[in-house]
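Peer 1: Pasting structure_35.cif below, which is mmCIF, C-alpha atoms and all ligand atoms; chains and numbers go by the auth columns.
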```cif
data_upload
#
loop_
_atom_site.group_PDB
_atom_site.id
_atom_site.type_symbol
_atom_site.label_atom_id
_atom_site.label_comp_id
_atom_site.label_asym_id
_atom_site.label_seq_id
_atom_site.Cartn_x
_atom_site.Cartn_y
_atom_site.Cartn_z
_atom_site.B_iso_or_equiv
_atom_site.auth_seq_id
_atom_site.auth_asym_id
ATOM 1 C CA MET A 1 -35.614 8.650 -15.440 0.00 1 G
ATOM 2 C CA GLU A 2 -37.586 5.632 -14.295 0.00 2 G
ATOM 3 C CA GLN A 3 -40.616 6.611 -16.384 0.00 3 G
ATOM 4 C CA GLU A 4 -38.444 6.781 -19.474 0.00 4 G
ATOM 5 C CA TYR A 5 -36.922 3.426 -18.626 0.00 5 G
ATOM 6 C CA THR A 6 -40.193 1.622 -17.989 0.00 6 G
ATOM 7 C CA SER A 7 -41.711 2.991 -21.197 0.00 7 G
ATOM 8 C CA ASN A 8 -38.665 1.718 -23.084 0.00 8 G
ATOM 9 C CA LEU A 9 -39.441 -1.746 -21.785 0.00 9 G
ATOM 10 C CA GLN A 10 -42.248 -1.884 -24.304 0.00 10 G
ATOM 11 C CA VAL A 11 -39.725 -2.404 -27.085 0.00 11 G
ATOM 12 C CA GLU A 12 -37.284 -5.246 -27.533 0.00 12 G
ATOM 13 C CA MET A 13 -33.785 -4.497 -26.277 0.00 13 G
ATOM 14 C CA LYS A 14 -30.870 -6.407 -24.886 0.00 14 G
ATOM 15 C CA ASN A 15 -28.955 -3.916 -22.775 0.00 15 G
ATOM 16 C CA ASP A 16 -29.692 -0.663 -21.059 0.00 16 G
ATOM 17 C CA CYS A 17 -28.277 1.373 -18.198 0.00 17 G
ATOM 18 C CA ILE A 18 -29.824 3.013 -15.182 0.00 18 G
ATOM 19 C CA PRO A 19 -27.397 5.678 -13.976 0.00 19 G
ATOM 20 C CA THR A 20 -27.284 5.198 -10.236 0.00 20 G
ATOM 21 C CA GLY A 21 -24.496 7.479 -9.109 0.00 21 G
ATOM 22 C CA VAL A 22 -23.124 4.875 -6.727 0.00 22 G
ATOM 23 C CA TYR A 23 -19.693 6.442 -7.011 0.00 23 G
ATOM 24 C CA SER A 24 -20.878 10.038 -6.999 0.00 24 G
ATOM 25 C CA SER A 25 -20.749 12.336 -4.017 0.00 25 G
ATOM 26 C CA ASN A 26 -24.553 12.675 -3.865 0.00 26 G
ATOM 27 C CA PHE A 27 -25.421 8.974 -3.800 0.00 27 G
ATOM 28 C CA ARG A 28 -27.491 9.471 -0.663 0.00 28 G
ATOM 29 C CA ALA A 29 -29.595 12.087 -2.404 0.00 29 G
ATOM 30 C CA GLU A 30 -30.162 9.734 -5.330 0.00 30 G
ATOM 31 C CA ALA A 31 -30.832 6.618 -3.274 0.00 31 G
ATOM 32 C CA GLY A 32 -34.585 7.273 -2.871 0.00 32 G
ATOM 33 C CA PRO A 33 -35.378 7.873 -6.569 0.00 33 G
ATOM 34 C CA ILE A 34 -33.175 4.897 -7.548 0.00 34 G
ATOM 35 C CA ARG A 35 -35.040 2.594 -5.179 0.00 35 G
ATOM 36 C CA GLU A 36 -38.344 3.855 -6.530 0.00 36 G
ATOM 37 C CA GLY A 37 -37.098 3.423 -10.121 0.00 37 G
ATOM 38 C CA ALA A 38 -35.931 -0.129 -9.444 0.00 38 G
ATOM 39 C CA TYR A 39 -39.322 -0.984 -7.937 0.00 39 G
ATOM 40 C CA ARG A 40 -41.143 0.324 -10.976 0.00 40 G
ATOM 41 C CA VAL A 41 -38.814 -1.543 -13.345 0.00 41 G
ATOM 42 C CA LYS A 42 -39.464 -4.752 -11.422 0.00 42 G
ATOM 43 C CA LYS A 43 -43.208 -4.132 -11.490 0.00 43 G
ATOM 44 C CA SER A 44 -43.163 -3.480 -15.237 0.00 44 G
ATOM 45 C CA CYS A 45 -41.070 -6.604 -15.840 0.00 45 G
ATOM 46 C CA THR A 46 -43.604 -8.679 -13.928 0.00 46 G
ATOM 47 C CA GLU A 47 -46.515 -7.207 -15.868 0.00 47 G
ATOM 48 C CA LEU A 48 -44.769 -7.637 -19.221 0.00 48 G
ATOM 49 C CA LYS A 49 -43.388 -11.057 -18.246 0.00 49 G
ATOM 50 C CA LYS A 50 -39.886 -9.901 -18.993 0.00 50 G
ATOM 51 C CA MET A 51 -36.706 -10.484 -17.081 0.00 51 G
ATOM 52 C CA ALA A 52 -34.228 -7.817 -15.990 0.00 52 G
ATOM 53 C CA PHE A 53 -30.623 -8.418 -14.998 0.00 53 G
ATOM 54 C CA LEU A 54 -29.045 -5.689 -12.908 0.00 54 G
ATOM 55 C CA SER A 55 -25.336 -5.133 -12.940 0.00 55 G
ATOM 56 C CA ASP A 56 -23.238 -2.494 -11.217 0.00 56 G
ATOM 57 C CA ILE A 57 -21.069 -0.578 -13.692 0.00 57 G
ATOM 58 C CA PRO A 58 -18.697 2.006 -12.177 0.00 58 G
ATOM 59 C CA SER A 59 -19.326 4.529 -14.907 0.00 59 G
ATOM 60 C CA HIS A 60 -17.579 7.408 -13.145 0.00 60 G
ATOM 61 C CA CYS A 61 -14.271 5.607 -12.924 0.00 61 G
ATOM 62 C CA GLY A 62 -11.655 6.404 -15.524 0.00 62 G
ATOM 63 C CA ILE A 63 -13.668 9.130 -17.261 0.00 63 G
ATOM 64 C CA SER A 64 -11.536 12.230 -16.824 0.00 64 G
ATOM 65 C CA GLY A 65 -14.417 14.738 -16.899 0.00 65 G
ATOM 66 C CA ASN A 66 -16.348 12.810 -14.288 0.00 66 G
ATOM 67 C CA GLU A 67 -13.248 12.315 -12.171 0.00 67 G
ATOM 68 C CA ILE A 68 -12.578 16.075 -12.190 0.00 68 G
ATOM 69 C CA ALA A 69 -16.231 16.846 -11.415 0.00 69 G
ATOM 70 C CA GLY A 70 -16.152 14.319 -8.586 0.00 70 G
ATOM 71 C CA THR A 71 -12.982 15.829 -7.134 0.00 71 G
ATOM 72 C CA LEU A 72 -14.410 19.359 -7.334 0.00 72 G
ATOM 73 C CA ALA A 73 -17.661 18.224 -5.708 0.00 73 G
ATOM 74 C CA LYS A 74 -15.712 16.563 -2.919 0.00 74 G
ATOM 75 C CA ASP A 75 -13.572 19.668 -2.393 0.00 75 G
ATOM 76 C CA GLY A 76 -16.684 21.826 -2.476 0.00 76 G
ATOM 77 C CA SER A 77 -18.364 19.737 0.183 0.00 77 G
ATOM 78 C CA LYS A 78 -15.441 20.503 2.495 0.00 78 G
ATOM 79 C CA GLN A 79 -15.878 24.268 2.088 0.00 79 G
ATOM 80 C CA CYS A 80 -17.665 26.299 4.699 0.00 80 G
ATOM 81 C CA GLN A 81 -21.322 26.648 3.604 0.00 81 G
ATOM 82 C CA ARG A 82 -22.023 30.057 5.110 0.00 82 G
ATOM 83 C CA ASP A 83 -25.446 30.546 3.522 0.00 83 G
ATOM 84 C CA LYS A 84 -26.743 27.105 4.525 0.00 84 G
ATOM 85 C CA PRO A 85 -27.729 26.406 8.121 0.00 85 G
ATOM 86 C CA ALA A 86 -25.918 23.315 9.419 0.00 86 G
ATOM 87 C CA THR A 87 -27.309 20.738 11.789 0.00 87 G
ATOM 88 C CA TYR A 88 -25.487 20.049 15.033 0.00 88 G
ATOM 89 C CA LYS A 89 -24.126 16.799 13.578 0.00 89 G
ATOM 90 C CA GLU A 90 -22.885 18.491 10.378 0.00 90 G
ATOM 91 C CA ALA A 91 -21.208 21.271 12.354 0.00 91 G
ATOM 92 C CA LYS A 92 -19.611 18.699 14.657 0.00 92 G
ATOM 93 C CA ASN A 93 -18.276 16.694 11.682 0.00 93 G
ATOM 94 C CA ALA A 94 -16.974 19.836 9.959 0.00 94 G
ATOM 95 C CA ILE A 95 -15.078 20.923 13.094 0.00 95 G
ATOM 96 C CA LYS A 96 -13.779 17.377 13.635 0.00 96 G
ATOM 97 C CA ASN A 97 -12.510 17.124 10.030 0.00 97 G
ATOM 98 C CA ALA A 98 -10.912 20.580 10.160 0.00 98 G
ATOM 99 C CA GLN A 99 -9.131 19.732 13.421 0.00 99 G
ATOM 100 C CA ARG A 100 -8.000 16.372 12.085 0.00 100 G
ATOM 101 C CA ASN A 101 -6.555 17.939 8.921 0.00 101 G
ATOM 102 C CA LEU A 102 -4.825 20.618 10.978 0.00 102 G
ATOM 103 C CA TRP A 103 -3.355 17.968 13.268 0.00 103 G
ATOM 104 C CA LEU A 104 -2.148 15.889 10.287 0.00 104 G
ATOM 105 C CA THR A 105 -0.486 18.991 8.807 0.00 105 G
ATOM 106 C CA LYS A 106 1.326 19.588 12.082 0.00 106 G
ATOM 107 C CA HIS A 107 2.308 15.922 12.452 0.00 107 G
ATOM 108 C CA PRO A 108 3.715 14.903 9.057 0.00 108 G
ATOM 109 C CA HIS A 109 5.308 11.782 10.580 0.00 109 G
ATOM 110 C CA PHE A 110 2.027 10.412 11.887 0.00 110 G
ATOM 111 C CA ASN A 111 1.660 6.795 10.908 0.00 111 G
ATOM 112 C CA LYS A 112 -1.644 5.038 11.437 0.00 112 G
ATOM 113 C CA VAL A 113 0.086 1.696 11.787 0.00 113 G
ATOM 114 C CA ASP A 114 2.737 3.055 14.114 0.00 114 G
ATOM 115 C CA LEU A 115 5.189 0.324 15.141 0.00 115 G
ATOM 116 C CA CYS A 116 5.151 1.907 18.588 0.00 116 G
ATOM 117 C CA HIS A 117 1.917 -0.006 19.241 0.00 117 G
ATOM 118 C CA GLN A 118 3.894 -3.246 19.134 0.00 118 G
ATOM 119 C CA LEU A 119 5.982 -2.231 22.144 0.00 119 G
ATOM 120 C CA GLN A 120 5.080 -3.209 25.673 0.00 120 G
ATOM 121 C CA ARG A 121 2.837 -0.677 27.366 0.00 121 G
ATOM 122 C CA SER A 122 5.506 0.959 29.558 0.00 122 G
ATOM 123 C CA HIS A 123 7.763 1.429 26.530 0.00 123 G
ATOM 124 C CA GLN A 124 4.920 2.947 24.544 0.00 124 G
ATOM 125 C CA VAL A 125 4.498 5.499 27.321 0.00 125 G
ATOM 126 C CA ILE A 126 8.202 6.387 27.287 0.00 126 G
ATOM 127 C CA THR A 127 8.199 6.684 23.483 0.00 127 G
ATOM 128 C CA PHE A 128 5.101 8.868 23.527 0.00 128 G
ATOM 129 C CA ARG A 129 6.606 11.187 26.136 0.00 129 G
ATOM 130 C CA LEU A 130 9.887 11.423 24.252 0.00 130 G
ATOM 131 C CA ARG A 131 8.110 12.188 20.981 0.00 131 G
ATOM 132 C CA THR A 132 5.765 14.810 22.347 0.00 132 G
ATOM 133 C CA GLY A 133 8.148 16.488 24.785 0.00 133 G
ATOM 134 C CA HIS A 134 5.530 16.162 27.517 0.00 134 G
ATOM 135 C CA ASN A 135 7.786 14.480 30.040 0.00 135 G
ATOM 136 C CA ARG A 136 9.518 14.898 33.378 0.00 136 G
ATOM 137 C CA LEU A 137 12.807 16.223 32.023 0.00 137 G
ATOM 138 C CA ASN A 138 13.914 19.539 33.548 0.00 138 G
ATOM 139 C CA SER A 139 13.350 21.522 30.372 0.00 139 G
ATOM 140 C CA HIS A 140 9.640 20.696 30.229 0.00 140 G
ATOM 141 C CA LEU A 141 9.135 20.849 33.981 0.00 141 G
ATOM 142 C CA HIS A 142 10.791 24.254 34.335 0.00 142 G
ATOM 143 C CA THR A 143 9.755 26.073 31.158 0.00 143 G
ATOM 144 C CA LYS A 144 6.218 24.719 30.813 0.00 144 G
ATOM 145 C CA LEU A 145 5.178 23.972 34.370 0.00 145 G
ATOM 146 C CA GLY A 146 7.408 26.303 36.391 0.00 146 G
ATOM 147 C CA ILE A 147 8.782 23.429 38.459 0.00 147 G
ATOM 148 C CA GLY A 148 12.418 23.281 39.553 0.00 148 G
ATOM 149 C CA ALA A 149 15.201 25.869 39.781 0.00 149 G
ATOM 150 C CA SER A 150 16.266 25.644 36.136 0.00 150 G
ATOM 151 C CA ASP A 151 15.866 23.764 32.886 0.00 151 G
ATOM 152 C CA GLN A 152 19.477 22.627 32.945 0.00 152 G
ATOM 153 C CA CYS A 153 20.634 19.038 32.694 0.00 153 G
ATOM 154 C CA PRO A 154 22.737 17.884 35.689 0.00 154 G
ATOM 155 C CA CYS A 155 25.716 17.805 33.290 0.00 155 G
ATOM 156 C CA LEU A 156 25.273 21.606 33.030 0.00 156 G
ATOM 157 C CA SER A 157 26.110 21.523 29.336 0.00 157 G
ATOM 158 C CA ALA A 158 22.617 22.255 28.066 0.00 158 G
ATOM 159 C CA ALA A 159 18.917 22.277 28.855 0.00 159 G
ATOM 160 C CA MET A 160 17.671 18.848 29.816 0.00 160 G
ATOM 161 C CA THR A 161 15.700 17.937 26.706 0.00 161 G
ATOM 162 C CA VAL A 162 14.953 14.748 24.801 0.00 162 G
ATOM 163 C CA GLU A 163 17.608 15.699 22.248 0.00 163 G
ATOM 164 C CA ASN A 164 20.144 16.251 25.015 0.00 164 G
ATOM 165 C CA ILE A 165 19.522 12.861 26.612 0.00 165 G
ATOM 166 C CA LEU A 166 19.326 10.876 23.376 0.00 166 G
ATOM 167 C CA LEU A 167 22.142 12.606 21.493 0.00 167 G
ATOM 168 C CA THR A 168 24.586 14.784 23.375 0.00 168 G
ATOM 169 C CA CYS A 169 24.527 14.594 27.172 0.00 169 G
ATOM 170 C CA PRO A 170 28.028 13.548 28.350 0.00 170 G
ATOM 171 C CA ASN A 171 26.556 11.839 31.435 0.00 171 G
ATOM 172 C CA TYR A 172 24.901 9.208 29.241 0.00 172 G
ATOM 173 C CA ARG A 173 27.496 8.942 26.488 0.00 173 G
ATOM 174 C CA HIS A 174 28.644 5.534 27.673 0.00 174 G
ATOM 175 C CA LEU A 175 25.101 4.153 27.894 0.00 175 G
ATOM 176 C CA ARG A 176 24.276 5.521 24.443 0.00 176 G
ATOM 177 C CA SER A 177 27.345 3.927 22.902 0.00 177 G
ATOM 178 C CA GLN A 178 26.291 0.569 24.345 0.00 178 G
ATOM 179 C CA THR A 179 22.858 0.798 22.739 0.00 179 G
ATOM 180 C CA TRP A 180 23.953 2.604 19.593 0.00 180 G
ATOM 181 C CA PRO A 181 27.639 1.871 18.819 0.00 181 G
ATOM 182 C CA GLU A 182 27.306 4.176 15.820 0.00 182 G
ATOM 183 C CA ALA A 183 25.583 7.546 16.054 0.00 183 G
ATOM 184 C CA ILE A 184 22.085 7.629 14.566 0.00 184 G
ATOM 185 C CA ILE A 185 19.699 10.515 14.167 0.00 185 G
ATOM 186 C CA ILE A 186 16.988 11.196 16.726 0.00 186 G
ATOM 187 C CA GLN A 187 14.302 10.711 14.084 0.00 187 G
ATOM 188 C CA ARG A 188 15.345 7.074 13.824 0.00 188 G
ATOM 189 C CA LYS A 189 15.462 6.613 17.587 0.00 189 G
ATOM 190 C CA LEU A 190 11.869 7.844 17.918 0.00 190 G
ATOM 191 C CA TYR A 191 10.237 6.861 14.612 0.00 191 G
ATOM 192 C CA GLY A 192 12.518 4.228 13.105 0.00 192 G
ATOM 193 C CA SER A 193 12.176 0.486 12.702 0.00 193 G
ATOM 194 C CA LEU A 194 10.709 -1.749 15.402 0.00 194 G
ATOM 195 C CA ARG A 195 14.243 -2.528 16.569 0.00 195 G
ATOM 196 C CA ASP A 196 14.999 1.195 16.838 0.00 196 G
ATOM 197 C CA LEU A 197 11.797 1.773 18.798 0.00 197 G
ATOM 198 C CA GLN A 198 12.622 -1.115 21.135 0.00 198 G
ATOM 199 C CA ASP A 199 16.154 0.180 21.827 0.00 199 G
ATOM 200 C CA THR A 200 15.202 3.724 22.782 0.00 200 G
ATOM 201 C CA PRO A 201 12.987 3.095 25.849 0.00 201 G
ATOM 202 C CA VAL A 202 15.391 0.427 27.090 0.00 202 G
ATOM 203 C CA SER A 203 18.226 2.928 26.880 0.00 203 G
ATOM 204 C CA ILE A 204 16.132 5.537 28.720 0.00 204 G
ATOM 205 C CA GLU A 205 15.354 3.031 31.475 0.00 205 G
ATOM 206 C CA GLU A 206 19.064 2.346 31.867 0.00 206 G
ATOM 207 C CA THR A 207 19.721 6.025 32.519 0.00 207 G
ATOM 208 C CA GLY A 208 17.505 5.757 35.616 0.00 208 G
ATOM 209 C CA LEU A 209 15.685 8.911 34.536 0.00 209 G
ATOM 210 C CA SER A 210 12.004 9.224 35.254 0.00 210 G
ATOM 211 C CA ILE A 211 10.399 10.161 31.973 0.00 211 G
HETATM 212 ZN ZN ZN B . 23.148 16.421 30.127 0.00 301 T
#
```
The structure given in the file should be rewritten as structure tokens.
Ligand SMILES: [Zn+2]
Peer 2:
Amino acid sequence: MEQEYTSNLQVEMKNDCIPTGVYSSNFRAEAGPIREGAYRVKKSCTELKKMAFLSDIPSHCGISGNEIAGTLAKDGSKQCQRDKPATYKEAKNAIKNAQRNLWLTKHPHFNKVDLCHQLQRSHQVITFRLRTGHNRLNSHLHTKLGIGASDQCPCLSAAMTVENILLTCPNYRHLRSQTWPEAIIIQRKLYGSLRDLQDTPVSIEETGLSI
């Protein structure tokens, strides 16, 4: 490519392009030859006393064929390359990406800018424990850790779960109605607006329960 370009410099011309592949998936592979090509162009310009202006043109963008090829290449790079030995770093990245994608599939409500991070630390902890179910309520203690005589709530109406405490337990009906005069869904109590997220841990603290 660079030889063709430098030989073209012998003739008069106003514009030309050096395809660089900046937006392609194999930019790293092309970086060396591009650097070499640019050096030779510069050298030729100096020898010929010509001037070259370099401009970045995103040629891949908006061209449907290239966009499709780019998408396929990207998808392909995520596939397991059974016939190619992987380095430790590549294997580590592949496992990390696969685990991350699996986790995102299992947590469709994950939000990178979770409003929960704006709560005070102790309220973040309560919210996290309510969301994950990893908490000190009887249901988790008894069924997961084998602690306690049963999973029942002291009200004996149901297992002591997050849903029970936040939605139905008669023992905390009065407290709930003070925080939420109108019934709202649990999704909003745990993943709603900042105001919703602020109300929930306060309400839990008022129950006196250790979450
Ligand atoms: Zn209860």
Peer 1: Quick one: residues within 12 Å of stretch 137-154 of chain G, all atoms listed in the file, excluding same-chain residues fewer than 2 positions away - as number ranges by chain?
Peer 2: G: 126, 129-130, 132-135, 156-165, 168-172, 204, 209-211
Peer 1: Which is closest to ligand ZN 301 (chain T) among G:Ala38, G:Ser122, G:Cys155, G:Asp196, if we use all atoms listed in the file?
Peer 2: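 Closest residue, counting all atoms listed in the file: G:Cys155.
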Peer 1: Would you mind telling me which residue in G:Thr207, G:Asn111, G:Gln178, G:Gln124 lies nearest to ligand ZN 301 (chain T) when using all atoms listed in the file?
Peer 2: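 Going through G:Thr207, G:Asn111, G:Gln178, G:Gln124 one by one, the smallest distance to ligand ZN 301 (chain T) is for G:Thr207.
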Peer 1: Starting from the PyMOL selection byres (((chain G and resi 119) around 12) and not hetatm), expand the selection into actual residues of this file and give them as number ranges by chain.
Peer 2: G: 114-118, 120-128, 193-202
Peer 1: Which one of G:Leu167, G:Val113, G:Val41, G:Ile186 sits closest to ligand ZN 301 (chain T) if you count all atoms listed in the file?
Peer 2: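 That would be G:Leu167, the residue with the smallest distance to ligand ZN 301 (chain T).
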Peer 1: Which one of G:Ala52, G:Leu72, G:Leu166, G:Ala183 sits closest to ligand ZN 301 (chain T) if you count all atoms listed in the file?
Peer 2: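 Checking each candidate against ligand ZN 301 (chain T), we get G:Leu166 as the closest.
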Peer 1: Running the PyMOL selection byres (((chain G and resi 75-82) around 12) and not hetatm) on this model by hand, what would come out? Give it as a list in words.
Peer 2: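 That selection, the PyMOL selection byres (((chain G and resi 75-82) around 12) and not hetatm), comes back as Ser25, Asn26, Ile68, Ala69, Gly70, Thr71, Leu72, Ala73, Lys74, Asp83, Lys84, Pro85, Ala86, Thr87, Glu90, Ala91, Asn93, Ala94, Ile95, Lys96, Asn97, Ala98 and Asn101 of chain G.
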Peer 1: Keeping only C-alpha atoms, write the selected residues as a tab-separated table (two decimals), in the coordinates of the input.
Peer 2:
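Output below, filename part.tsv:
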```tsv
chain	number	residue	atom	x	y	z
G	25	SER	CA	-20.75	12.34	-4.02
G	26	ASN	CA	-24.55	12.68	-3.86
G	68	ILE	CA	-12.58	16.08	-12.19
G	69	ALA	CA	-16.23	16.85	-11.42
G	70	GLY	CA	-16.15	14.32	-8.59
G	71	THR	CA	-12.98	15.83	-7.13
G	72	LEU	CA	-14.41	19.36	-7.33
G	73	ALA	CA	-17.66	18.22	-5.71
G	74	LYS	CA	-15.71	16.56	-2.92
G	83	ASP	CA	-25.45	30.55	3.52
G	84	LYS	CA	-26.74	27.10	4.53
G	85	PRO	CA	-27.73	26.41	8.12
G	86	ALA	CA	-25.92	23.32	9.42
G	87	THR	CA	-27.31	20.74	11.79
G	90	GLU	CA	-22.88	18.49	10.38
G	91	ALA	CA	-21.21	21.27	12.35
G	93	ASN	CA	-18.28	16.69	11.68
G	94	ALA	CA	-16.97	19.84	9.96
G	95	ILE	CA	-15.08	20.92	13.09
G	96	LYS	CA	-13.78	17.38	13.64
G	97	ASN	CA	-12.51	17.12	10.03
G	98	ALA	CA	-10.91	20.58	10.16
G	101	ASN	CA	-6.56	17.94	8.92
```
Peer 1: Given the choices G:Arg136, G:Lys42, G:Lys189, G:Arg173, which gets closest to ligand ZN 301 (chain T) if the distance is worked out from all atoms listed in the file?
Peer 2: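 For ligand ZN 301 (chain T), the nearest of the candidates is G:Arg173.
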Peer 1: Work out how far atom CA of G:Glu47 is from atom CA of G:Ile34, in Å to one decimal.
Peer 2: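 Interatomic distance, atom CA of G:Ile34 to atom CA of G:Glu47: 19.8 Å.
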Peer 1: Kindly give the distance, in Å, that separates atom CA of G:Thr46 and atom CA of G:Gly32, rounded to a single decimal.
Peer 2: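 The value is 21.4 Å.
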Peer 1: Report, in Å to a single decimal, how far apart atom CA of G:His109 and atom CA of G:Pro181 are.
Peer 2: 25.8 Å
Peer 1: Compare G:Lys112, G:Cys45, G:His107, G:Glu205 by their minimum atom-to-atom distance to G:Leu175, counting only C-alpha atoms, and give me the closest one.
Peer 2: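 Selected residue with least distance to G:Leu175: G:Glu205.
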